>>> print(open('data37.txt').read())   # compact mmCIF, C-alpha atoms and all ligand atoms
# COMPACT_ATOMS: atom_id res chain seq x y z
CA MET A 789 23.76 2.82 23.49
CA THR A 790 20.62 2.66 21.36
CA GLU A 791 17.52 1.46 23.07
CA THR A 792 15.14 -1.03 21.49
CA PHE A 793 11.57 -2.28 21.70
CA ARG A 794 10.12 -5.55 20.43
CA LEU A 795 7.90 -5.37 17.34
CA ASP A 796 6.19 -8.67 16.50
CA GLY A 797 9.02 -10.54 18.15
CA THR A 798 12.07 -8.72 16.75
CA ASP A 799 14.01 -5.75 18.09
CA VAL A 800 13.57 -2.26 16.66
CA PRO A 801 16.04 0.45 17.68
CA PHE A 802 14.80 3.95 18.44
CA GLU A 803 16.06 7.32 19.59
CA ALA A 804 14.54 9.25 22.46
CA GLY A 805 11.45 11.16 21.32
CA GLU A 806 10.64 8.87 18.39
CA THR A 807 7.21 7.32 18.04
CA ILE A 808 6.72 3.60 17.51
CA LEU A 809 5.70 4.23 13.89
CA GLN A 810 8.71 6.47 13.15
CA ALA A 811 11.14 3.94 14.55
CA ALA A 812 9.41 1.04 12.80
CA LEU A 813 9.42 2.76 9.39
CA LYS A 814 13.06 3.76 9.81
CA ALA A 815 13.88 0.12 10.47
CA GLY A 816 12.03 -0.86 7.28
CA ARG A 817 9.06 -2.31 9.14
CA PHE A 818 5.66 -1.37 7.77
CA ILE A 819 2.66 -0.48 9.90
CA PRO A 820 -0.37 0.66 7.87
CA HIS A 821 -1.15 4.37 8.30
CA LEU A 822 -2.99 7.17 6.51
CA CYS A 823 -2.83 10.38 8.52
CA HIS A 824 0.87 10.03 9.35
CA HIS A 825 3.41 11.68 7.05
CA PRO A 826 7.11 11.65 7.89
CA GLU A 827 7.40 15.43 7.50
CA PHE A 828 4.53 16.43 9.79
CA ARG A 829 3.66 16.35 13.44
CA PRO A 830 1.32 13.41 14.14
CA HIS A 831 -2.45 13.85 14.13
CA GLY A 832 -3.53 10.43 15.38
CA SER A 833 -6.95 10.43 13.75
CA CYS A 834 -7.24 7.56 11.28
CA LYS A 835 -6.27 4.82 13.75
CA LEU A 836 -5.01 2.60 10.93
CA CYS A 837 -1.67 2.47 12.71
CA THR A 838 -3.17 0.96 15.86
CA VAL A 839 -0.93 -1.63 17.49
CA LYS A 840 -0.99 -3.39 20.81
CA VAL A 841 1.55 -2.10 23.29
CA ASP A 842 2.02 -4.56 26.12
CA GLY A 843 -1.45 -5.90 25.37
CA ARG A 844 -3.28 -2.56 25.09
CA GLN A 845 -4.24 -0.76 21.91
CA ALA A 846 -2.49 2.48 21.01
CA ALA A 847 -1.94 4.59 17.90
CA SER A 848 1.66 3.89 16.92
CA CYS A 849 2.01 7.31 15.25
CA THR A 850 1.44 9.15 18.51
CA ARG A 851 2.80 6.74 21.12
CA LEU A 852 6.45 7.33 21.97
CA ALA A 853 8.69 4.29 21.87
CA THR A 854 10.06 3.20 25.23
CA SER A 855 12.71 0.69 26.02
CA GLY A 856 11.61 -2.93 26.16
CA MET A 857 7.95 -2.36 25.26
CA LYS A 858 6.28 -5.28 23.52
CA VAL A 859 4.45 -4.17 20.38
CA GLU A 860 2.18 -6.37 18.25
CA SER A 861 1.20 -5.17 14.77
CA GLU A 862 0.88 -7.92 12.17
CA THR A 863 -1.82 -9.92 13.91
CA GLU A 864 -5.06 -11.21 12.44
CA GLU A 865 -7.03 -9.21 14.99
CA LEU A 866 -5.35 -5.87 14.28
CA ASN A 867 -5.44 -6.31 10.52
CA ALA A 868 -9.15 -7.17 10.70
CA GLU A 869 -9.74 -3.92 12.60
CA ARG A 870 -7.65 -1.97 10.09
CA LEU A 871 -9.72 -3.48 7.30
CA ALA A 872 -12.96 -2.48 9.04
CA LEU A 873 -11.68 1.10 9.49
CA THR A 874 -10.69 1.25 5.83
CA GLN A 875 -14.10 -0.05 4.76
CA MET A 876 -15.77 2.65 6.87
CA LEU A 877 -13.68 5.31 5.12
CA PHE A 878 -14.87 3.95 1.79
CA VAL A 879 -18.61 3.98 2.63
CA GLU A 880 -18.49 7.34 4.37
CA GLY A 881 -17.45 9.18 1.21
CA ASN A 882 -17.98 8.54 -2.48
CA HIS A 883 -15.05 6.43 -3.61
CA PHE A 884 -15.83 5.44 -7.16
CA CYS A 885 -12.23 4.67 -8.10
CA PRO A 886 -12.79 4.07 -11.84
CA SER A 887 -13.65 7.76 -12.29
CA CYS A 888 -11.12 9.15 -9.80
CA GLU A 889 -8.07 10.95 -11.15
CA LYS A 890 -6.10 9.72 -8.17
CA SER A 891 -6.74 6.04 -8.82
CA GLY A 892 -3.45 4.16 -8.77
CA ASP A 893 -1.76 7.01 -6.87
CA CYS A 894 -4.10 6.90 -3.90
CA GLN A 895 -2.91 5.79 -0.49
CA LEU A 896 -6.38 4.85 0.72
CA GLN A 897 -6.82 2.56 -2.26
CA ALA A 898 -3.31 1.12 -1.89
CA THR A 899 -3.90 0.52 1.81
CA ALA A 900 -7.15 -1.26 0.96
CA TYR A 901 -5.23 -3.45 -1.51
CA HIS A 902 -2.64 -4.15 1.17
CA LEU A 903 -5.37 -5.25 3.56
CA GLY A 904 -6.98 -7.43 0.87
CA MET A 905 -10.22 -5.45 0.80
CA THR A 906 -12.57 -6.84 -1.86
CA ASN A 907 -15.71 -4.98 -0.79
CA ALA A 908 -16.76 -2.21 1.58
CA HIS A 909 -18.99 -4.51 3.68
CA TYR A 910 -21.02 -1.69 5.27
CA ASP A 911 -23.91 0.17 3.65
CA HIS A 912 -22.73 3.10 1.55
CA PHE A 913 -23.74 6.58 2.74
CA PHE A 914 -23.62 8.12 -0.75
CA PRO A 915 -23.20 11.66 0.64
CA ASN A 916 -23.77 14.69 -1.54
CA ARG A 917 -20.81 17.05 -1.27
CA PRO A 918 -20.55 19.64 -4.05
CA LEU A 919 -17.15 20.15 -5.67
CA ASP A 920 -15.19 23.38 -5.56
CA ALA A 921 -13.85 24.06 -9.05
CA SER A 922 -13.45 27.80 -8.47
CA HIS A 923 -9.65 27.87 -8.50
CA PRO A 924 -8.01 28.14 -11.94
CA ASP A 925 -5.43 25.42 -11.22
CA PHE A 926 -7.03 23.15 -8.63
CA LEU A 927 -10.21 21.18 -8.11
CA LEU A 928 -11.49 20.08 -4.71
CA ASP A 929 -13.62 16.94 -4.61
CA PHE A 930 -14.75 16.75 -0.99
CA ASN A 931 -16.49 13.43 -1.61
CA ARG A 932 -13.18 11.64 -1.11
CA CYS A 933 -11.85 13.43 1.96
CA ILE A 934 -10.75 11.10 4.77
CA LEU A 935 -10.14 14.00 7.20
CA CYS A 936 -6.48 13.11 7.65
CA SER A 937 -5.67 16.84 8.12
CA LEU A 938 -2.45 16.63 6.11
CA CYS A 939 -3.48 19.59 3.93
CA VAL A 940 -4.45 21.50 7.06
CA ARG A 941 -1.07 20.82 8.68
CA ALA A 942 0.88 21.54 5.50
CA SER A 943 -0.86 24.83 4.78
CA ARG A 944 -0.70 26.04 8.38
CA ASP A 945 2.72 24.77 9.46
CA ILE A 946 4.76 24.90 6.25
CA ASP A 947 3.08 27.28 3.82
CA ASN A 948 2.01 29.67 6.62
CA LYS A 949 -1.28 30.21 4.83
CA ASN A 950 -3.90 28.29 6.74
CA VAL A 951 -5.99 27.62 3.64
CA PHE A 952 -7.73 24.48 4.96
CA GLY A 953 -9.47 23.57 8.20
CA LEU A 954 -11.50 20.75 9.69
CA ALA A 955 -14.90 21.88 10.98
CA GLY A 956 -17.76 20.13 12.79
CA ARG A 957 -17.53 17.15 15.09
CA GLY A 958 -18.08 13.41 14.83
CA MET A 959 -20.22 12.47 11.85
CA ALA A 960 -20.46 16.13 10.88
CA SER A 961 -16.68 16.64 10.57
CA HIS A 962 -15.73 18.05 7.23
CA LEU A 963 -13.02 19.91 5.40
CA ILE A 964 -13.47 23.63 4.87
CA VAL A 965 -11.60 26.31 2.95
CA ASN A 966 -10.71 29.31 5.08
CA SER A 967 -11.94 32.18 2.94
CA LYS A 968 -14.96 34.41 3.32
CA SER A 969 -16.76 32.76 0.41
CA GLY A 970 -15.52 29.32 1.44
CA LYS A 971 -14.12 28.97 -2.09
CA LEU A 972 -10.55 28.07 -2.93
CA VAL A 973 -10.28 30.83 -5.52
CA ASP A 974 -10.56 33.39 -2.72
CA THR A 975 -7.44 32.12 -0.94
CA ASP A 976 -3.78 32.54 -1.87
CA PHE A 977 -3.46 28.78 -2.43
CA SER A 978 -0.95 28.01 -5.19
CA VAL A 979 0.75 25.13 -6.92
CA SER A 980 4.00 25.75 -5.04
CA ASP A 981 2.25 25.13 -1.70
CA LYS A 982 3.18 22.01 0.23
CA ALA A 983 -0.56 21.59 0.82
CA ALA A 984 -1.04 21.16 -2.92
CA HIS A 985 0.91 17.91 -2.83
CA VAL A 986 0.09 16.06 0.38
CA CYS A 987 -3.47 14.82 -0.02
CA PRO A 988 -3.22 11.01 0.16
CA VAL A 989 -6.52 10.62 -1.73
CA GLY A 990 -8.29 12.34 -4.62
CA VAL A 991 -9.53 15.59 -3.04
CA ILE A 992 -6.96 18.26 -3.98
CA LEU A 993 -6.48 17.71 -7.68
CA ARG A 994 -4.37 19.68 -10.12
CA LYS A 995 -6.51 20.63 -13.09
CA ARG A 996 -5.60 19.42 -16.60
CA GLN A 997 -3.18 16.76 -15.27
CA GLY A 998 -5.58 14.00 -14.26
CA PHE A 999 -4.79 11.40 -16.86
CA PHE A 1000 -1.33 12.54 -17.85
CA ILE A 1001 -0.08 9.22 -16.53
CA PRO A 1002 -2.51 6.54 -17.65
CA ILE A 1003 -4.21 4.17 -15.20
CA GLY A 1004 -2.11 1.04 -15.08
CA SER A 1005 1.25 2.91 -15.03
CA ARG A 1006 0.81 4.75 -11.74
CA THR A 1007 2.59 4.57 -8.39
CA PHE A 1008 0.68 1.66 -6.91
CA ASP A 1009 0.44 -0.20 -10.18
CA LYS A 1010 4.19 -0.62 -9.81
CA LYS A 1011 4.73 -0.85 -6.08
CA THR A 1012 2.78 -1.70 -2.97
CA ILE A 1013 2.08 0.84 -0.25
CA LYS A 1014 4.76 -0.88 1.81
CA GLU A 1015 7.44 -0.30 -0.84
CA TYR A 1016 6.14 3.24 -1.42
CA VAL A 1017 6.66 4.17 2.22
CA ASP A 1018 10.20 2.81 2.04
CA THR A 1019 11.07 5.03 -0.92
CA ARG A 1020 9.26 8.09 0.40
CA LEU A 1021 11.34 8.10 3.56
CA GLY A 1022 14.47 8.80 1.57
CA GLU A 1023 13.20 11.29 -0.99
CA GLU A 1024 12.07 14.90 -1.10
CA ASP A 1025 8.51 15.29 -2.36
CA MET B 846 -19.94 -35.45 -18.23
CA ASP B 847 -22.49 -35.08 -15.47
CA ASN B 848 -20.05 -33.82 -12.90
CA LYS B 849 -19.53 -30.49 -14.62
CA LEU B 850 -20.24 -27.50 -12.46
CA LYS B 851 -23.27 -25.50 -13.48
CA VAL B 852 -22.59 -21.81 -13.91
CA ALA B 853 -25.05 -18.97 -14.47
CA THR B 854 -24.28 -15.32 -15.08
CA ALA B 855 -26.33 -12.13 -15.29
CA THR B 856 -25.92 -8.43 -15.92
CA LEU B 857 -28.04 -6.16 -13.75
CA ALA B 858 -27.25 -2.43 -13.62
CA GLY B 859 -23.91 -2.83 -15.38
CA CYS B 860 -22.46 -2.16 -18.80
CA PHE B 861 -21.57 -5.73 -19.88
CA GLY B 862 -17.92 -4.80 -19.44
CA CYS B 863 -17.40 -7.58 -16.89
CA HIS B 864 -18.86 -10.13 -19.28
CA MET B 865 -16.60 -8.79 -22.03
CA SER B 866 -13.64 -9.12 -19.70
CA PHE B 867 -14.75 -12.69 -18.95
CA LEU B 868 -14.66 -13.40 -22.70
CA ASP B 869 -11.16 -11.92 -22.72
CA ILE B 870 -9.90 -15.13 -21.12
CA ASP B 871 -9.84 -16.10 -24.81
CA GLU B 872 -8.69 -19.65 -25.54
CA ARG B 873 -8.79 -20.46 -21.85
CA PHE B 874 -12.53 -20.66 -22.43
CA PHE B 875 -11.99 -24.08 -24.05
CA GLU B 876 -10.33 -25.27 -20.87
CA LEU B 877 -13.12 -23.79 -18.79
CA VAL B 878 -15.95 -25.53 -20.66
CA LYS B 879 -14.31 -28.88 -19.93
CA HIS B 880 -15.20 -28.24 -16.30
CA VAL B 881 -18.33 -26.13 -16.38
CA GLU B 882 -21.65 -26.08 -18.13
CA PHE B 883 -23.46 -22.79 -18.62
CA ASP B 884 -27.02 -22.35 -17.49
CA ARG B 885 -28.80 -19.01 -17.77
CA THR B 886 -26.37 -16.41 -19.07
CA PRO B 887 -26.35 -13.81 -21.83
CA LEU B 888 -23.80 -16.09 -23.54
CA THR B 889 -26.20 -19.02 -23.97
CA ASP B 890 -29.47 -17.11 -24.19
CA ILE B 891 -31.06 -19.65 -21.79
CA LYS B 892 -33.82 -17.64 -20.15
CA VAL B 893 -34.82 -19.85 -17.21
CA LEU B 894 -32.47 -20.27 -14.32
CA GLY B 895 -31.93 -23.85 -13.15
CA GLU B 896 -30.14 -25.04 -10.04
CA CYS B 897 -26.53 -23.94 -10.24
CA ASP B 898 -23.28 -24.35 -8.41
CA LEU B 899 -22.00 -20.90 -9.22
CA GLY B 900 -23.68 -17.59 -10.05
CA LEU B 901 -21.67 -14.62 -11.31
CA ILE B 902 -23.43 -11.29 -11.19
CA GLU B 903 -22.29 -8.12 -12.88
CA GLY B 904 -23.97 -4.79 -12.09
CA GLY B 905 -25.75 -3.34 -9.10
CA LEU B 906 -29.44 -2.89 -8.34
CA CYS B 907 -31.14 0.06 -9.99
CA ASN B 908 -34.70 -1.26 -10.45
CA SER B 909 -37.20 -3.81 -9.15
CA GLU B 910 -36.36 -6.34 -11.85
CA ASN B 911 -32.69 -6.33 -10.81
CA VAL B 912 -33.75 -7.22 -7.27
CA GLU B 913 -36.01 -10.03 -8.51
CA VAL B 914 -33.25 -11.55 -10.67
CA LEU B 915 -30.74 -11.26 -7.83
CA ARG B 916 -33.06 -13.02 -5.37
CA GLN B 917 -33.68 -15.76 -7.94
CA PHE B 918 -29.92 -16.23 -8.35
CA ARG B 919 -29.48 -16.39 -4.58
CA ARG B 920 -32.15 -19.11 -4.33
CA GLN B 921 -30.74 -21.17 -7.20
CA CYS B 922 -26.96 -20.79 -6.83
CA ARG B 923 -24.87 -22.49 -4.20
CA ILE B 924 -22.12 -19.87 -4.51
CA LEU B 925 -22.93 -16.32 -5.52
CA VAL B 926 -20.26 -13.85 -6.62
CA SER B 927 -20.40 -10.05 -7.01
CA VAL B 928 -18.32 -9.31 -10.09
CA GLY B 929 -17.02 -5.78 -10.74
CA ALA B 930 -17.39 -2.32 -9.25
CA CYS B 931 -21.13 -1.90 -9.95
CA ALA B 932 -22.07 -5.15 -8.20
CA ILE B 933 -19.74 -4.39 -5.30
CA ASN B 934 -20.38 -0.69 -4.63
CA GLY B 935 -23.01 0.46 -7.14
CA GLY B 936 -20.35 1.76 -9.52
CA LEU B 937 -21.17 4.26 -12.23
CA PRO B 938 -25.00 3.93 -11.98
CA ALA B 939 -24.75 4.75 -8.25
CA GLN B 940 -23.29 8.13 -9.10
CA ARG B 941 -26.92 9.23 -9.36
CA ASN B 942 -27.49 8.45 -5.69
CA PRO B 943 -26.79 11.89 -4.23
CA ILE B 944 -29.50 13.37 -6.51
CA PRO B 945 -33.18 12.66 -5.68
CA LEU B 946 -34.78 10.32 -8.24
CA SER B 947 -37.67 12.70 -8.94
CA VAL B 948 -35.22 15.45 -9.88
CA ILE B 949 -33.46 13.09 -12.30
CA LEU B 950 -36.70 11.91 -13.93
CA ASP B 951 -37.97 15.49 -14.30
CA GLU B 952 -34.69 16.62 -15.79
CA ILE B 953 -34.51 13.76 -18.30
CA TYR B 954 -38.14 13.39 -19.37
CA LEU B 955 -39.65 16.81 -18.77
CA GLY B 956 -36.68 19.11 -19.18
CA GLU B 957 -35.01 17.62 -22.25
CA ALA B 958 -36.67 18.22 -25.58
CA GLY B 959 -37.79 15.28 -27.70
CA ILE B 960 -37.71 12.45 -25.15
CA ALA B 961 -40.94 10.52 -24.38
CA HIS B 962 -42.99 13.51 -25.44
CA GLY B 963 -42.60 15.25 -22.11
CA LEU B 964 -43.98 12.37 -20.04
CA ILE B 965 -42.31 10.23 -17.42
CA PRO B 966 -42.79 6.63 -18.69
CA ASN B 967 -45.10 4.60 -16.43
CA ASP B 968 -45.99 1.55 -18.51
CA PRO B 969 -46.72 -1.34 -16.09
CA GLU B 970 -44.30 -3.47 -18.17
CA LEU B 971 -41.40 -1.30 -17.10
CA PRO B 972 -39.59 -2.22 -13.89
CA LEU B 973 -39.75 0.59 -11.35
CA PRO B 974 -36.47 2.37 -10.71
CA LEU B 975 -35.19 2.17 -7.12
CA ASP B 976 -34.80 5.30 -5.09
CA LYS B 977 -31.03 4.60 -4.87
CA VAL B 978 -28.71 2.22 -6.69
CA HIS B 979 -27.52 -0.48 -4.28
CA PRO B 980 -24.63 -2.94 -4.24
CA LEU B 981 -25.72 -6.59 -4.23
CA HIS B 982 -24.56 -7.43 -0.72
CA GLU B 983 -26.98 -4.90 0.73
CA VAL B 984 -29.84 -7.15 -0.42
CA VAL B 985 -28.67 -10.80 -0.40
CA LYS B 986 -25.73 -12.69 1.04
CA ILE B 987 -22.78 -12.65 -1.33
CA ASP B 988 -20.13 -15.35 -0.97
CA TYR B 989 -17.26 -13.77 -2.92
CA PHE B 990 -16.34 -10.40 -4.39
CA LEU B 991 -14.28 -9.91 -7.52
CA PRO B 992 -13.40 -6.20 -7.77
CA GLY B 993 -12.32 -4.21 -10.81
CA CYS B 994 -13.92 -2.01 -13.44
CA PRO B 995 -13.88 -4.52 -14.98
CA PRO B 996 -11.85 -7.21 -13.21
CA SER B 997 -9.13 -8.24 -15.65
CA ALA B 998 -9.44 -11.49 -17.58
CA ASP B 999 -6.51 -12.79 -15.52
CA ALA B 1000 -8.29 -11.93 -12.28
CA ILE B 1001 -11.46 -13.68 -13.46
CA TRP B 1002 -9.47 -16.69 -14.65
CA THR B 1003 -7.51 -16.96 -11.40
CA PHE B 1004 -10.69 -16.63 -9.38
CA LEU B 1005 -12.51 -19.34 -11.35
CA THR B 1006 -9.64 -21.80 -11.46
CA GLU B 1007 -9.04 -21.45 -7.72
CA LEU B 1008 -12.72 -21.99 -7.04
CA LEU B 1009 -12.91 -24.98 -9.40
CA ALA B 1010 -9.90 -26.50 -7.67
CA GLY B 1011 -11.81 -26.25 -4.41
CA ARG B 1012 -9.60 -23.55 -2.93
CA GLU B 1013 -10.59 -20.25 -1.32
CA PRO B 1014 -10.03 -17.75 -4.17
CA VAL B 1015 -7.68 -14.98 -3.04
CA LEU B 1016 -6.46 -12.35 -5.49
CA GLY B 1017 -2.81 -11.32 -5.07
CA THR B 1018 -1.99 -7.61 -5.10
CA GLU B 1019 -1.16 -7.72 -8.81
CA LEU B 1020 -4.74 -8.82 -9.60
CA LEU B 1021 -6.58 -6.75 -7.01
CA HIS B 1022 -7.67 -3.46 -8.59
CA TYR B 1023 -10.66 -1.19 -8.17
CA ASP B 1024 -10.13 0.74 -11.41
S1 LIG A 1101 -9.65 8.80 -3.44
FE1 LIG A 1101 -8.66 6.82 -3.68
S2 LIG A 1101 -10.11 5.34 -2.83
FE2 LIG A 1101 -11.22 7.26 -3.20
S3 LIG A 1101 -12.09 7.06 -5.27
FE3 LIG A 1101 -10.10 8.06 -5.50
S4 LIG A 1101 -8.69 6.34 -5.89
FE4 LIG A 1101 -10.54 5.46 -5.04
S1 LIG A 1102 -8.33 17.00 1.61
FE1 LIG A 1102 -6.90 15.29 1.56
S2 LIG A 1102 -5.20 15.99 2.82
FE2 LIG A 1102 -6.94 17.30 3.32
S3 LIG A 1102 -7.92 16.32 5.10
FE3 LIG A 1102 -8.97 15.59 3.25
S4 LIG A 1102 -7.93 13.68 2.73
FE4 LIG A 1102 -6.58 14.78 4.14
S1 LIG A 1103 -1.45 7.08 11.15
FE1 LIG A 1103 -1.74 6.89 13.28
S2 LIG A 1103 -3.74 7.49 13.62
FE2 LIG A 1103 -3.46 7.81 11.46
>>> encode(input="data37.txt", output="structure tokens")
Amino acid sequence: MTETFRLDGTDVPFEAGETILQAALKAGRFIPHLCHHPEFRPHGSCKLCTVKVDGRQAASCTRLATSGMKVESETEELNAERLALTQMLFVEGNHFCPSCEKSGDCQLQATAYHLGMTNAHYDHFFPNRPLDASHPDFLLDFNRCILCSLCVRASRDIDNKNVFGLAGRGMASHLIVNSKSGKLVDTDFSVSDKAAHVCPVGVILRKRQGFFIPIGSRTFDKKTIKEYVDTRLGEED
Amino acid sequence: MDNKLKVATATLAGCFGCHMSFLDIDERFFELVKHVEFDRTPLTDIKVLGECDLGLIEGGLCNSENVEVLRQFRRQCRILVSVGACAINGGLPAQRNPIPLSVILDEIYLGEAGIAHGLIPNDPELPLPLDKVHPLHEVVKIDYFLPGCPPSADAIWTFLTELLAGREPVLGTELLHYD
């Protein structure tokens, strides 16, 4: 017999070992998330997926589902907190979407649309993070990194290359390239790597492809992040 | 028609793209002017700002004059709206923010040949550039934000008609864009 938990008042079935988010997405129920990807072990860092489990907050991408638990997700309170987290991600980096090659294909942007974000509310940090254009086929624009660690997980766990890493703590956390020079060109990173295709924002960019698909005809110009997650669950990347 | 709403607009550190997009509402403009009367705006060339119901501001703050105009708008307008990326997050002009202003001025006026005869302009008539480009809401209270680079004519039209009808303007996902 399948077990179930309650999500915003309706039952969601789950199998033993599944997280709340996994079970919810499988049942076609959307919970906003950025650092979760169906093919990777959870990281639990962005906190966008925070829900209330029996009245207490928890990250739904790391919390295992248990029978009969009462989960709240689509509440005004939780969505306001998700919006605030998203706004902090925007001010912490440099997210000037009109000049970003990822605009329209970006999950941070699409999540912000989903949450109805019209402004970043907080004061912008305007950090200065130099680009790494050393690699012949890829550009790294660190100004947009949200530290989701998907490239780290992909390169380490799937490509067996360990090209990326997260260094520093707290406000000083940042993405690094694991080579002696710190440059991407001095790694064996290549276009066939899983890590080349998982960045949810505009950091790891394929050179000479940026505007192949014009702005206005991109993923999130046609579907919302909610619909995107639905389709991604069924398809190979 | 005394009960028309008074509307003022201004471009600060922007490119006029938002105003152009506003004009892209095309023949809907005729409908709009049945309900609003324009005060100070680049469209009327009225230079002095009167008391207004609605102020629409394009562009962020890159110099002291921008700040002065913004404060004036805040004093005179009941509802003040940040229109477009530059007003909301600094936009393109703010891409200079990671570089110190002195480095930029040296590079432009002292490094490049043929500009201002190798001097950094300091005529008292010129507004002083700010150290960083700022979004409007970092300086005054902003009531509404209309994102986009520029916001589409449909987004502007929807926003204005909702506001004129006395409703809280909310842009649906098809009109909410940052690019
Ligand atoms: S990464 Fe996403 S949110 Fe950031 S500038 Fe690019 S499109 Fe905008
Ligand atoms: S580069 Fe992209 S995938 Fe890697 S941590 Fe940053 S945002 Fe995540
Ligand atoms: S998706 Fe759960 S913490 Fe990021």
>>> closest_residue(input="data37.txt", among="A:Cys834, A:Met857, A:Ala983, A:Ala960", to="Phe802 in chain A", atoms="all atoms listed in the file")
A:Met857
>>> atom_distance(input="data37.txt", atom1="CA of Ile949 in chain B", atom2="CA of Ser909 in chain B")
17.6 Å
>>> residues_near_ligand(input="data37.txt", ligand="ligand LIG 1103 (chain A)", cutoff="7 Å", atoms="all atoms listed in the file", output="tab-separated table (two decimals) with C-alpha atoms, keeping the file's coordinate frame")
chain	number	residue	atom	x	y	z
A	821	HIS	CA	-1.15	4.37	8.30
A	822	LEU	CA	-2.99	7.17	6.51
A	823	CYS	CA	-2.83	10.38	8.52
A	824	HIS	CA	0.87	10.03	9.35
A	831	HIS	CA	-2.45	13.85	14.13
A	832	GLY	CA	-3.53	10.43	15.38
A	833	SER	CA	-6.95	10.43	13.75
A	834	CYS	CA	-7.24	7.56	11.28
A	835	LYS	CA	-6.27	4.82	13.75
A	836	LEU	CA	-5.01	2.60	10.93
A	837	CYS	CA	-1.67	2.47	12.71
A	838	THR	CA	-3.17	0.96	15.86
A	847	ALA	CA	-1.94	4.59	17.90
A	848	SER	CA	1.66	3.89	16.92
A	849	CYS	CA	2.01	7.31	15.25
A	850	THR	CA	1.44	9.15	18.51
>>> residues_near_point(input="data37.txt", point="(8.3, 23.3, 11.1)", cutoff="12 Å", atoms="all atoms listed in the file", output="number ranges by chain")
A: 827-829, 941-948
>>> closest_atom_pairs(input="data37.txt", of="chain A", to="ligand LIG 1102 (chain A)", cutoff="8 Å", atoms="only C-alpha atoms and all ligand atoms", output="Markdown table")
| residue | atom | partner | partner_atom | distance |
| --- | --- | --- | --- | --- |
| A:Cys823 | CA | A:LIG1102 | FE4 | 7.3 |
| A:Leu928 | CA | A:LIG1102 | S1 | 7.7 |
| A:Phe930 | CA | A:LIG1102 | S1 | 6.9 |
| A:Arg932 | CA | A:LIG1102 | S4 | 6.8 |
| A:Cys933 | CA | A:LIG1102 | FE3 | 3.8 |
| A:Ile934 | CA | A:LIG1102 | S4 | 4.3 |
| A:Leu935 | CA | A:LIG1102 | S3 | 3.8 |
| A:Cys936 | CA | A:LIG1102 | FE4 | 3.9 |
| A:Ser937 | CA | A:LIG1102 | S3 | 3.8 |
| A:Leu938 | CA | A:LIG1102 | S2 | 4.3 |
| A:Cys939 | CA | A:LIG1102 | S2 | 4.1 |
| A:Val940 | CA | A:LIG1102 | FE2 | 6.2 |
| A:Phe952 | CA | A:LIG1102 | FE2 | 7.4 |
| A:Leu954 | CA | A:LIG1102 | S3 | 7.3 |
| A:Leu963 | CA | A:LIG1102 | S3 | 6.2 |
| A:Ala983 | CA | A:LIG1102 | S2 | 7.5 |
| A:Val986 | CA | A:LIG1102 | S2 | 5.8 |
| A:Cys987 | CA | A:LIG1102 | S2 | 3.5 |
| A:Pro988 | CA | A:LIG1102 | FE1 | 5.8 |
| A:Val989 | CA | A:LIG1102 | S4 | 5.6 |
| A:Gly990 | CA | A:LIG1102 | FE1 | 7.0 |
| A:Val991 | CA | A:LIG1102 | S1 | 5.0 |
| A:Ile992 | CA | A:LIG1102 | S1 | 5.9 |
>>> residues_near_ligand(input="data37.txt", ligand="ligand LIG 1101 (chain A)", cutoff="10 Å", atoms="all atoms listed in the file", output="ChimeraX atom specification")
/A:874,877-879,881-900,929-934,987-992 /B:1023-1024
>>> closest_atom_pairs(input="data37.txt", of="chain B", to="chain A", cutoff="9 Å", atoms="only C-alpha atoms", output="Markdown table")
| residue | atom | partner | partner_atom | distance |
| --- | --- | --- | --- | --- |
| B:Ala930 | CA | A:Phe884 | CA | 8.2 |
| B:Ile933 | CA | A:Asn907 | CA | 6.1 |
| B:Asn934 | CA | A:Ala908 | CA | 7.3 |
| B:Gly935 | CA | A:Phe884 | CA | 8.7 |
| B:Gly936 | CA | A:Phe884 | CA | 6.3 |
| B:Leu937 | CA | A:Phe884 | CA | 7.5 |
| B:Ala939 | CA | A:Phe914 | CA | 8.3 |
| B:Gln940 | CA | A:Phe884 | CA | 8.2 |
| B:Asn942 | CA | A:Phe914 | CA | 6.3 |
| B:Pro943 | CA | A:Asn916 | CA | 4.9 |
| B:Ile944 | CA | A:Asn916 | CA | 7.7 |
| B:His979 | CA | A:His912 | CA | 8.4 |
| B:Pro980 | CA | A:Asp911 | CA | 8.5 |
| B:His982 | CA | A:His909 | CA | 7.7 |
| B:Glu983 | CA | A:Asp911 | CA | 6.6 |
| B:Tyr989 | CA | A:Thr906 | CA | 8.4 |
| B:Phe990 | CA | A:Thr906 | CA | 5.8 |
| B:Leu991 | CA | A:Thr906 | CA | 6.7 |
| B:Pro992 | CA | A:Thr906 | CA | 6.0 |
| B:Gly993 | CA | A:Pro886 | CA | 8.4 |
| B:Cys994 | CA | A:Pro886 | CA | 6.4 |
| B:Val1015 | CA | A:Gly904 | CA | 8.5 |
| B:Leu1016 | CA | A:Gly904 | CA | 8.1 |
| B:Gly1017 | CA | A:Gly904 | CA | 8.2 |
| B:Thr1018 | CA | A:Tyr901 | CA | 6.4 |
| B:Glu1019 | CA | A:Asp1009 | CA | 7.8 |
| B:Leu1021 | CA | A:Tyr901 | CA | 6.6 |
| B:His1022 | CA | A:Tyr901 | CA | 7.5 |
| B:Tyr1023 | CA | A:Cys885 | CA | 6.1 |
| B:Asp1024 | CA | A:Pro886 | CA | 4.3 |
>>> residues_around(input="data37.txt", residues="Val965 in chain A", least_positions_apart="3", cutoff="12 Å", atoms="all atoms listed in the file", output="list of chain:residue names")
A:Leu919, A:Asp920, A:Ser922, A:His923, A:Leu928, A:Phe930, A:Cys939, A:Val940, A:Ser943, A:Lys949, A:Asn950, A:Val951, A:Phe952, A:Gly953, A:Leu954, A:Ala955, A:His962, A:Lys968, A:Ser969, A:Gly970, A:Lys971, A:Leu972, A:Val973, A:Asp974, A:Thr975, A:Asp976, A:Phe977, A:Ile992
